[in-house]
$ cat final.txt   # compact mmCIF, C-alpha atoms
# COMPACT_ATOMS: atom_id res chain seq x y z
CA MET A 1 1.62 32.22 26.30
CA PRO A 2 3.38 29.92 23.80
CA ASP A 3 4.11 31.09 20.28
CA VAL A 4 1.40 30.12 17.84
CA LEU A 5 2.51 27.24 15.61
CA ASP A 6 1.25 27.09 12.04
CA ALA A 7 -0.58 23.93 11.00
CA SER A 8 -2.07 25.48 7.87
CA PRO A 9 -3.42 24.36 5.47
CA TYR A 10 -4.73 21.73 7.92
CA ASP A 11 -7.63 22.48 10.22
CA ALA A 12 -7.94 19.18 12.13
CA LEU A 13 -6.12 15.98 13.09
CA LEU A 14 -7.91 12.62 13.05
CA LEU A 15 -6.65 9.80 15.27
CA LEU A 16 -7.55 6.67 13.32
CA SER A 17 -7.40 3.34 15.15
CA PHE A 18 -8.57 -0.26 15.09
CA GLY A 19 -11.20 -0.13 17.84
CA GLY A 20 -12.15 -2.78 20.34
CA PRO A 21 -15.04 -4.10 22.43
CA GLU A 22 -15.90 -2.33 25.69
CA GLY A 23 -18.00 -5.10 27.27
CA PRO A 24 -18.87 -8.80 26.87
CA ASP A 25 -21.87 -8.08 24.63
CA ASP A 26 -19.61 -6.19 22.22
CA VAL A 27 -17.11 -8.99 21.58
CA VAL A 28 -18.85 -11.02 18.86
CA PRO A 29 -20.29 -7.97 17.02
CA PHE A 30 -16.82 -6.43 17.09
CA LEU A 31 -15.26 -9.58 15.66
CA GLU A 32 -18.00 -9.67 13.01
CA ASN A 33 -16.91 -6.18 11.99
CA VAL A 34 -13.26 -7.23 11.87
CA THR A 35 -13.93 -10.34 9.77
CA ARG A 36 -16.79 -9.05 7.60
CA GLY A 37 -16.81 -10.67 4.17
CA ARG A 38 -14.74 -13.70 5.19
CA GLY A 39 -17.67 -16.00 5.99
CA ILE A 40 -16.44 -16.97 9.47
CA PRO A 41 -19.21 -18.68 11.52
CA LYS A 42 -20.41 -17.01 14.71
CA GLU A 43 -19.39 -20.07 16.77
CA ARG A 44 -15.81 -19.64 15.59
CA LEU A 45 -15.94 -15.96 16.50
CA LYS A 46 -17.06 -16.92 20.02
CA GLU A 47 -14.00 -19.16 20.29
CA VAL A 48 -11.72 -16.36 19.13
CA GLY A 49 -13.45 -14.00 21.55
CA GLN A 50 -12.24 -16.01 24.54
CA HIS A 51 -9.13 -13.83 24.59
CA TYR A 52 -11.37 -10.84 25.24
CA PHE A 53 -13.60 -12.66 27.73
CA LEU A 54 -10.51 -13.36 29.85
CA PHE A 55 -10.37 -9.59 30.35
CA GLY A 56 -14.08 -9.07 30.99
CA GLY A 57 -14.87 -8.63 27.29
CA VAL A 58 -13.03 -5.30 27.27
CA SER A 59 -10.14 -4.39 25.01
CA PRO A 60 -7.89 -1.73 26.53
CA ILE A 61 -7.34 -0.06 23.15
CA ASN A 62 -10.17 2.46 23.38
CA ASP A 63 -9.09 3.73 26.81
CA GLN A 64 -5.53 3.92 25.53
CA ASN A 65 -6.70 6.00 22.58
CA ARG A 66 -8.57 8.28 24.96
CA ALA A 67 -5.34 8.75 26.92
CA LEU A 68 -3.46 9.50 23.69
CA LEU A 69 -6.13 12.01 22.68
CA ASP A 70 -5.71 13.76 26.02
CA ALA A 71 -1.92 13.76 25.63
CA LEU A 72 -2.13 15.20 22.11
CA ARG A 73 -4.57 17.92 23.08
CA LYS A 74 -2.47 18.84 26.11
CA ASP A 75 0.75 18.97 24.09
CA PHE A 76 -0.83 21.01 21.29
CA ALA A 77 -2.31 23.51 23.76
CA GLU A 78 0.93 23.88 25.71
CA HIS A 79 2.90 24.54 22.52
CA GLY A 80 0.46 26.89 20.82
CA LEU A 81 -0.72 24.51 18.11
CA ASP A 82 -4.35 25.35 17.45
CA LEU A 83 -5.47 22.11 15.86
CA PRO A 84 -8.54 20.19 17.08
CA VAL A 85 -8.08 16.43 17.46
CA TYR A 86 -10.84 13.93 16.62
CA TRP A 87 -10.95 10.14 16.96
CA GLY A 88 -12.46 7.45 14.73
CA ASN A 89 -12.12 3.66 14.60
CA ARG A 90 -12.12 1.06 11.87
CA ASN A 91 -14.14 -1.61 13.71
CA TRP A 92 -15.93 -0.10 16.72
CA ALA A 93 -17.40 3.11 18.06
CA PRO A 94 -16.56 5.87 17.49
CA TYR A 95 -16.76 4.69 13.89
CA LEU A 96 -14.65 6.45 11.28
CA THR A 97 -17.57 7.44 9.03
CA ASP A 98 -19.45 8.98 11.96
CA THR A 99 -16.36 10.94 13.01
CA LEU A 100 -15.72 12.24 9.49
CA ARG A 101 -19.36 13.28 9.25
CA GLU A 102 -18.93 15.19 12.52
CA MET A 103 -15.76 16.84 11.23
CA VAL A 104 -17.48 17.97 8.04
CA GLY A 105 -20.33 19.33 10.13
CA ASP A 106 -17.77 21.28 12.15
CA GLY A 107 -16.45 22.84 8.96
CA ARG A 108 -13.17 20.87 8.73
CA ARG A 109 -11.90 20.87 5.15
CA ARG A 110 -8.19 19.83 5.35
CA ILE A 111 -7.66 16.85 7.62
CA LEU A 112 -4.45 15.11 8.66
CA VAL A 113 -4.71 11.48 9.79
CA LEU A 114 -2.58 9.77 12.44
CA ALA A 115 -3.01 5.99 12.21
CA THR A 116 -2.09 3.94 15.26
CA SER A 117 0.29 1.80 13.21
CA ALA A 118 3.87 2.96 12.76
CA TYR A 119 5.03 0.70 9.93
CA ALA A 120 4.33 0.01 6.27
CA SER A 121 2.01 -2.90 5.50
CA TYR A 122 -1.38 -3.53 3.97
CA SER A 123 -3.16 -3.91 7.33
CA GLY A 124 -1.15 -1.14 8.96
CA CYS A 125 -1.47 1.48 6.23
CA ARG A 126 -3.34 0.78 3.01
CA GLN A 127 -6.32 -0.83 4.74
CA TYR A 128 -6.76 2.34 6.79
CA ARG A 129 -6.60 4.30 3.56
CA GLU A 130 -9.29 2.02 2.11
CA ASN A 131 -11.41 2.68 5.19
CA LEU A 132 -10.98 6.41 4.61
CA ALA A 133 -12.11 6.00 1.00
CA ASP A 134 -15.16 4.00 2.13
CA ALA A 135 -16.07 6.72 4.63
CA LEU A 136 -15.66 9.47 2.04
CA ALA A 137 -17.84 7.51 -0.40
CA ALA A 138 -20.53 7.27 2.29
CA LEU A 139 -20.42 11.03 2.90
CA GLU A 140 -20.48 11.68 -0.82
CA SER A 141 -23.64 9.57 -1.13
CA GLU A 142 -25.21 11.79 1.54
CA GLY A 143 -24.44 14.89 -0.52
CA LEU A 144 -21.89 16.27 1.95
CA GLU A 145 -18.93 18.38 0.94
CA LEU A 146 -15.87 16.15 1.12
CA PRO A 147 -12.74 17.24 2.98
CA LYS A 148 -9.25 16.72 1.59
CA ILE A 149 -7.45 14.11 3.65
CA ASP A 150 -3.73 13.43 4.03
CA LYS A 151 -2.07 10.78 6.19
CA LEU A 152 1.00 11.41 8.34
CA ARG A 153 4.06 9.44 7.29
CA HIS A 154 5.21 6.26 9.03
CA TYR A 155 6.78 7.26 12.34
CA PHE A 156 8.53 4.01 13.29
CA ASN A 157 11.93 5.73 13.46
CA HIS A 158 10.95 9.10 14.90
CA PRO A 159 12.87 9.77 18.14
CA GLY A 160 9.62 10.42 20.02
CA PHE A 161 8.48 6.90 19.18
CA VAL A 162 11.85 5.18 19.65
CA GLU A 163 13.14 6.79 22.86
CA PRO A 164 10.26 5.65 25.12
CA MET A 165 10.86 2.09 23.90
CA VAL A 166 14.56 2.37 24.75
CA ASP A 167 13.58 3.42 28.27
CA GLY A 168 11.18 0.48 28.50
CA VAL A 169 13.84 -2.07 27.57
CA VAL A 170 16.36 -0.58 30.00
CA ARG A 171 13.77 -0.68 32.81
CA SER A 172 12.87 -4.28 32.00
CA LEU A 173 16.51 -5.33 32.07
CA ALA A 174 16.90 -3.66 35.47
CA GLU A 175 13.91 -5.65 36.77
CA LEU A 176 15.58 -8.98 35.96
CA PRO A 177 17.54 -10.76 38.70
CA GLU A 178 21.09 -9.42 38.72
CA GLU A 179 22.64 -12.81 38.05
CA VAL A 180 20.85 -13.15 34.66
CA ARG A 181 20.63 -9.50 33.64
CA ASP A 182 23.80 -9.09 31.57
CA GLY A 183 23.17 -12.30 29.64
CA ALA A 184 19.57 -11.42 28.80
CA HIS A 185 18.39 -11.69 25.21
CA ILE A 186 16.04 -9.07 23.71
CA ALA A 187 13.14 -10.37 21.62
CA PHE A 188 11.79 -7.47 19.58
CA CYS A 189 8.15 -8.42 18.96
CA THR A 190 5.74 -7.35 16.26
CA HIS A 191 2.57 -8.61 14.61
CA SER A 192 3.11 -11.47 12.19
CA ILE A 193 1.60 -11.01 8.74
CA PRO A 194 1.48 -13.29 5.69
CA THR A 195 4.85 -13.44 3.97
CA THR A 196 3.23 -12.35 0.71
CA ALA A 197 1.94 -9.20 2.43
CA ALA A 198 5.34 -8.55 3.96
CA ASP A 199 7.13 -9.01 0.63
CA THR A 200 4.93 -6.38 -1.05
CA SER A 201 4.93 -3.88 1.82
CA GLY A 202 6.13 -0.36 1.13
CA PRO A 203 6.77 1.25 -2.27
CA VAL A 204 7.36 -1.05 -5.24
CA GLU A 205 11.13 -0.51 -5.18
CA GLU A 206 11.21 -1.82 -1.59
CA HIS A 207 9.33 -5.03 -2.38
CA GLY A 208 11.21 -8.28 -1.92
CA ASP A 209 12.17 -10.54 0.97
CA GLY A 210 10.14 -9.15 3.85
CA GLY A 211 9.62 -5.81 2.10
CA ALA A 212 9.56 -2.53 3.98
CA TYR A 213 7.72 -4.13 6.91
CA VAL A 214 10.62 -6.32 7.98
CA ARG A 215 13.33 -3.80 7.06
CA GLN A 216 11.70 -1.05 9.11
CA HIS A 217 11.38 -3.27 12.17
CA LEU A 218 14.97 -4.48 11.88
CA ASP A 219 16.20 -0.91 11.57
CA VAL A 220 14.34 0.22 14.70
CA ALA A 221 15.44 -2.86 16.63
CA GLN A 222 19.07 -2.06 15.82
CA VAL A 223 18.62 1.55 16.93
CA ILE A 224 17.10 0.43 20.24
CA ALA A 225 19.74 -2.26 20.81
CA ASP A 226 22.51 0.27 20.18
CA ALA A 227 20.92 2.76 22.59
CA VAL A 228 20.49 0.06 25.24
CA ARG A 229 24.19 -0.83 24.90
CA GLU A 230 25.14 2.81 25.37
CA ARG A 231 22.92 3.12 28.44
CA THR A 232 23.85 -0.16 30.14
CA GLY A 233 27.34 -0.92 28.87
CA VAL A 234 26.17 -4.39 27.83
CA ASP A 235 25.77 -5.58 24.23
CA HIS A 236 22.64 -7.73 24.49
CA PRO A 237 21.93 -10.22 21.69
CA TRP A 238 18.58 -9.67 19.99
CA GLN A 239 16.23 -10.96 17.32
CA LEU A 240 13.05 -9.78 15.60
CA VAL A 241 10.21 -12.21 16.38
CA TYR A 242 6.50 -12.34 15.65
CA GLN A 243 3.20 -12.90 17.41
CA SER A 244 -0.59 -12.85 16.95
CA ARG A 245 -0.69 -15.04 13.86
CA SER A 246 -4.19 -15.75 12.54
CA GLY A 247 -5.66 -17.22 9.37
CA ALA A 248 -5.38 -20.53 7.55
CA PRO A 249 -2.44 -22.68 8.69
CA HIS A 250 -1.34 -23.48 5.12
CA ILE A 251 -0.58 -19.82 4.38
CA PRO A 252 3.03 -18.87 5.31
CA TRP A 253 3.35 -16.07 7.89
CA LEU A 254 6.43 -14.34 9.25
CA GLU A 255 8.33 -16.40 11.83
CA PRO A 256 9.62 -17.25 14.42
CA ASP A 257 6.67 -17.04 16.77
CA ILE A 258 7.54 -15.60 20.19
CA CYS A 259 6.64 -18.82 22.05
CA ASP A 260 8.79 -20.93 19.72
CA HIS A 261 11.55 -18.37 20.12
CA LEU A 262 11.43 -18.62 23.92
CA GLU A 263 11.82 -22.39 23.65
CA GLU A 264 14.82 -21.97 21.34
CA GLN A 265 16.49 -19.45 23.66
CA GLN A 266 15.97 -21.61 26.72
CA ALA A 267 17.39 -24.64 24.89
CA ALA A 268 20.41 -22.55 23.86
CA GLY A 269 21.14 -21.67 27.49
CA VAL A 270 20.00 -18.05 27.41
CA PRO A 271 19.41 -17.04 31.06
CA ALA A 272 16.60 -14.48 30.54
CA VAL A 273 14.59 -12.66 27.86
CA VAL A 274 13.12 -9.18 27.56
CA MET A 275 10.13 -9.07 25.20
CA ALA A 276 10.00 -5.63 23.56
CA PRO A 277 6.74 -5.05 21.58
CA ILE A 278 8.14 -2.52 19.12
CA GLY A 279 5.40 -3.22 16.57
CA PHE A 280 2.60 -1.87 18.78
CA VAL A 281 1.73 1.68 19.77
CA SER A 282 -0.07 0.72 22.99
CA ASP A 283 -0.71 -2.19 25.37
CA HIS A 284 -3.84 -3.43 23.64
CA MET A 285 -5.21 -6.99 23.58
CA GLU A 286 -2.50 -8.52 21.40
CA VAL A 287 0.09 -7.35 23.90
CA LEU A 288 -1.90 -8.28 27.00
CA TYR A 289 -2.83 -11.75 25.77
CA ASP A 290 -0.11 -12.86 23.35
CA LEU A 291 2.79 -11.56 25.44
CA ASP A 292 1.64 -10.97 29.02
CA THR A 293 -0.52 -14.10 29.13
CA GLU A 294 0.48 -16.71 26.54
CA ALA A 295 4.21 -16.01 26.09
CA THR A 296 4.73 -15.35 29.81
CA ALA A 297 3.05 -18.67 30.62
CA LYS A 298 5.38 -20.40 28.14
CA ALA A 299 8.40 -18.79 29.80
CA GLN A 300 7.22 -19.91 33.24
CA GLU A 301 6.78 -23.44 31.90
CA LEU A 302 10.39 -23.29 30.63
CA GLY A 303 11.72 -21.78 33.86
CA LEU A 304 12.97 -18.82 31.82
CA PRO A 305 12.91 -15.38 33.49
CA VAL A 306 11.14 -12.87 31.22
CA ARG A 307 10.07 -9.26 31.37
CA ARG A 308 7.87 -7.38 28.91
CA SER A 309 8.84 -3.79 28.21
CA ALA A 310 6.33 -0.99 27.78
CA THR A 311 4.84 0.31 24.56
CA VAL A 312 4.83 4.02 23.77
CA GLY A 313 1.16 4.61 24.65
CA ALA A 314 0.45 8.20 25.64
CA ASP A 315 4.06 9.07 26.50
CA PRO A 316 4.51 12.87 26.23
CA ARG A 317 7.45 12.31 23.87
CA PHE A 318 5.16 10.51 21.45
CA ALA A 319 2.63 13.34 21.65
CA ALA A 320 5.48 15.74 20.90
CA ALA A 321 6.51 13.55 17.95
CA VAL A 322 3.00 13.80 16.52
CA ARG A 323 3.17 17.59 16.84
CA ASP A 324 6.49 17.50 15.02
CA LEU A 325 5.04 15.32 12.25
CA VAL A 326 2.05 17.65 11.86
CA LEU A 327 4.26 20.73 11.54
CA GLU A 328 6.60 18.89 9.17
CA ARG A 329 3.75 17.89 6.86
CA ALA A 330 2.10 21.31 7.06
CA GLY A 331 5.35 23.03 6.13
CA ASP A 332 5.84 20.65 3.23
CA GLU A 333 2.30 21.35 1.99
CA ARG A 334 3.06 25.09 2.11
CA GLY A 335 6.14 24.51 -0.06
CA GLN A 336 8.67 25.14 2.70
CA GLU A 337 11.96 23.29 3.14
CA VAL A 338 11.54 20.84 6.00
CA ALA A 339 14.06 18.57 7.69
CA PRO A 340 12.27 15.34 8.65
CA CYS A 341 13.38 13.84 11.94
CA ALA A 342 14.34 10.15 11.81
CA LEU A 343 16.77 7.77 13.48
CA GLY A 344 18.46 4.74 11.97
CA ALA A 345 19.64 3.95 8.46
CA LEU A 346 16.39 4.20 6.50
CA GLY A 347 15.60 7.89 6.89
CA ALA A 348 12.16 9.47 6.91
CA SER A 349 9.35 7.64 5.13
CA HIS A 350 7.37 9.06 2.21
CA ASN A 351 4.58 11.58 2.80
CA LEU A 352 2.38 10.25 0.00
CA CYS A 353 1.91 6.52 -0.48
CA PRO A 354 2.85 5.82 -4.13
CA VAL A 355 0.98 3.62 -6.58
CA GLY A 356 1.70 -0.04 -5.84
CA CYS A 357 2.51 0.57 -2.18
CA CYS A 358 1.28 -2.26 0.11
CA PRO A 359 -1.21 -3.59 -2.47
CA ALA A 360 -4.40 -5.42 -1.54
CA ARG A 361 -5.21 -8.88 -2.88
CA ALA A 362 -8.28 -7.38 -4.60
CA PRO A 363 -7.83 -3.74 -5.66
CA ARG A 364 -10.02 -1.27 -3.77
CA PRO A 365 -10.09 2.54 -3.70
CA ALA A 366 -7.79 4.04 -1.07
CA ALA A 367 -7.70 7.69 0.01
CA ALA A 368 -4.69 9.80 1.04
CA GLY A 369 -2.28 8.35 -1.54
CA ALA A 370 -1.07 8.88 -5.09
CA ASP A 371 -3.84 6.57 -6.32
CA SER A 372 -6.61 8.24 -4.34
CA PRO A 373 -9.91 8.91 -6.14
CA TYR A 374 -10.40 11.79 -3.68
CA ALA A 375 -7.49 14.06 -4.60
$ encode --input "final.txt" --output "C-alpha cells"
Amino acid sequence: MPDVLDASPYDALLLLSFGGPEGPDDVVPFLENVTRGRGIPKERLKEVGQHYFLFGGVSPINDQNRALLDALRKDFAEHGLDLPVYWGNRNWAPYLTDTLREMVGDGRRRILVLATSAYASYSGCRQYRENLADALAALESEGLELPKIDKLRHYFNHPGFVEPMVDGVVRSLAELPEEVRDGAHIAFCTHSIPTTAADTSGPVEEHGDGGAYVRQHLDVAQVIADAVRERTGVDHPWQLVYQSRSGAPHIPWLEPDICDHLEEQQAAGVPAVVMAPIGFVSDHMEVLYDLDTEATAKAQELGLPVRRSATVGADPRFAAAVRDLVLERAGDERGQEVAPCALGALGASHNLCPVGCCPARAPRPAAAGADSPYA
C-alpha cells in the first residue's frame, strides 16, 4: 500500500473546463452559451458551428476530460492521495453550478480547482474565476452552505506539463522525411487573444507588451527548444505563433497567424515545419480544426511538409504534475515550507491571483483570488 499523502485542508479537486457539444443538436445551444450577452444572431452561430459539424457535431474536449479524470483518479489512488475528483464545465454539461451543488451535497467544504488552461489571461484564468463566483452566488441564493474555493497556480512551466510536449516535438521531427528533418522550423502555437487582453494579463507589475501571456509562452517555448536540441543534437529555429482568432476584424489580436506563418516560412525556403500546440492542454476542436485541418491544408497547398505534435492530454506525467501541485498548495495552506517545481526563467506562478490580475473589460466578481467576495 502506498503511503498516505496529505491534501488537507482540501477535501476535493474540481476539474474545471470549457465544455463542448456532444452531438449535432448541441452545437448551436453550446455556441449560444459561449457567446451569451454578445447579441450574435443564430444564423451566424450556425456558420461558426460548421467547424463542429465537420466532426459530426462532436467536440473531443469532453472525452478528453473524461480521460484526464481517469488519469487523475488512477494516479491519486496509486500514490495514496485520498482526494475525490469532480468535473464541471463553463459552457456545457456537466455544468459548473450543478457540479458545485453536488460537491456541497457530498459535504465538500475546501475545494481546489484545476482549470484546463495553463497560462495567465482573462479567458484562461479570470473568466473561470468569474464563473466560480457566479456558481457560488447561485448556491448562495438556494440557501446552501458555500465551500471555500482555491485555484491551483498556472502550470505552464511544470515539468509534468512541459516534458510530454518535448517528447511530442521530438517524435514529430522524427516523422518528417530525413532530407528535411534537420532544417525543420518549430512553430509553437497558442490561442490568439486581443492585444489589449494580452497586455494586461498577469499581475499588474507584469502588464505591458504582451503581458504575462506572451512571456509565459515564450519561456516555455525556449525550454522546449533547448530540450529538443539536447535530445536531437540539432538547434531548430522556432517562433511563437497564434491561431483561432475570433471577433471583430478591427480589433488587434496577437499575430502572426499560423497560416500566414506557414506562407512566410515556405517563402523563406524553410524545408519543413513542426506545429507544436503548447497553448492547449488537449487535442480539442481548436487543435483538430485550426491545425490539423486548416493549417495542414495550407501547408499542402504550399508543398510544405508539416507535422503536428501532441498535446499533453491525459499523459501520466501531467496527472503526476497535478498531484504535485495539489500537495504543494496544501502544504502552503498548512503553513509549511514548500519548494514549487518549475522550469525556465520565470519560476513558479502565484498561488493567489492579486487585485488587477487579468482584468475584465467590465468588472465582475471573481472567486479564488485576492479580490474574491467569497473569502
$ atom_distance --input "final.txt" --atom1 "CA of Arg364 in chain A" --atom2 "CA of Arg129 in chain A"
9.8 Å
$ atom_distance --input "final.txt" --atom1 "CA of His217 in chain A" --atom2 "CA of Pro277 in chain A"
10.6 Å
$ closest_atom_pairs --input "final.txt" --of "range 109-164 of chain A" --to "range 347-360 of chain A" --cutoff "7 Å" --atoms "all atoms listed in the file" --output "Markdown table"
| residue | atom | partner | partner_atom | distance |
| --- | --- | --- | --- | --- |
| A:Ser121 | CA | A:Cys358 | CA | 5.5 |
| A:Tyr122 | CA | A:Cys358 | CA | 4.9 |
| A:Arg126 | CA | A:Cys358 | CA | 6.2 |
| A:Leu152 | CA | A:Asn351 | CA | 6.6 |
| A:Arg153 | CA | A:Asn351 | CA | 5.0 |
| A:His154 | CA | A:Ser349 | CA | 5.9 |
$ closest_residue --input "final.txt" --among "A:Ala276, A:Ala310, A:Leu346, A:Leu132" --to "Arg215 in chain A" --atoms "all atoms listed in the file"
A:Leu346
$ residues_near_point --input "final.txt" --point "(10.4, -7.6, -6.2)" --cutoff "10 Å" --atoms "all atoms listed in the file" --output "short mmCIF file (atom, residue, chain, number, x, y, z; two decimals) with C-alpha atoms, in the coordinates of the input"
data_model
loop_
_atom_site.label_atom_id
_atom_site.label_comp_id
_atom_site.auth_asym_id
_atom_site.auth_seq_id
_atom_site.Cartn_x
_atom_site.Cartn_y
_atom_site.Cartn_z
CA ASP A 199 7.13 -9.01 0.63
CA THR A 200 4.93 -6.38 -1.05
CA VAL A 204 7.36 -1.05 -5.24
CA GLU A 205 11.13 -0.51 -5.18
CA GLU A 206 11.21 -1.82 -1.59
CA HIS A 207 9.33 -5.03 -2.38
CA GLY A 208 11.21 -8.28 -1.92
CA ASP A 209 12.17 -10.54 0.97
CA GLY A 211 9.62 -5.81 2.10
#
$ residues_around --input "final.txt" --residues "Ser8 in chain A" --least-positions-apart "4" --cutoff "10 Å" --atoms "only C-alpha atoms" --output "list of chain:residue names"
A:Ala12, A:Asp82, A:Leu83, A:Arg110, A:Val326, A:Leu327, A:Arg329, A:Ala330, A:Gly331, A:Glu333, A:Arg334
$ residues_around --input "final.txt" --residues "Leu146 in chain A" --least-positions-apart "6" --cutoff "10 Å" --atoms "all atoms listed in the file" --output "list in words"
Leu100, Arg101, Val104, Arg108, Arg109, Arg110, Leu136, Ala137, Leu139, Glu140 and Tyr374 of chain A
$ closest_residue --input "final.txt" --among "A:Ile149, A:Val27, A:Ile193, A:Cys125" --to "Gly247 in chain A" --atoms "only C-alpha atoms"
A:Ile193
$ residues_around --input "final.txt" --residues "Asp283 in chain A" --least-positions-apart "5" --cutoff "9 Å" --atoms "only C-alpha atoms" --output "number ranges by chain"
A: 60-61, 64, 277, 288, 310-313
$ closest_atom_pairs --input "final.txt" --of "range 203-273 of chain A" --to "range 173-191 of chain A" --cutoff "6 Å" --atoms "all atoms listed in the file" --output "CSV"
residue,atom,partner,partner_atom,distance
A:His236,CA,A:His185,CA,5.9
A:Pro237,CA,A:His185,CA,5.2
A:Trp238,CA,A:Ile186,CA,4.5
A:Gln239,CA,A:Ala187,CA,5.3
A:Leu240,CA,A:Phe188,CA,4.8
A:Val241,CA,A:Cys189,CA,5.0
A:Tyr242,CA,A:Thr190,CA,5.1
A:Gln243,CA,A:His191,CA,5.2
A:Ser244,CA,A:His191,CA,5.8
A:Pro271,CA,A:Val180,CA,5.5
A:Ala272,CA,A:Ala184,CA,4.6
A:Val273,CA,A:His185,CA,4.7
$ closest_residue --input "final.txt" --among "A:Gly105, A:Pro363, A:Gly124, A:Pro9" --to "Phe280 in chain A" --atoms "all atoms listed in the file"
A:Gly124
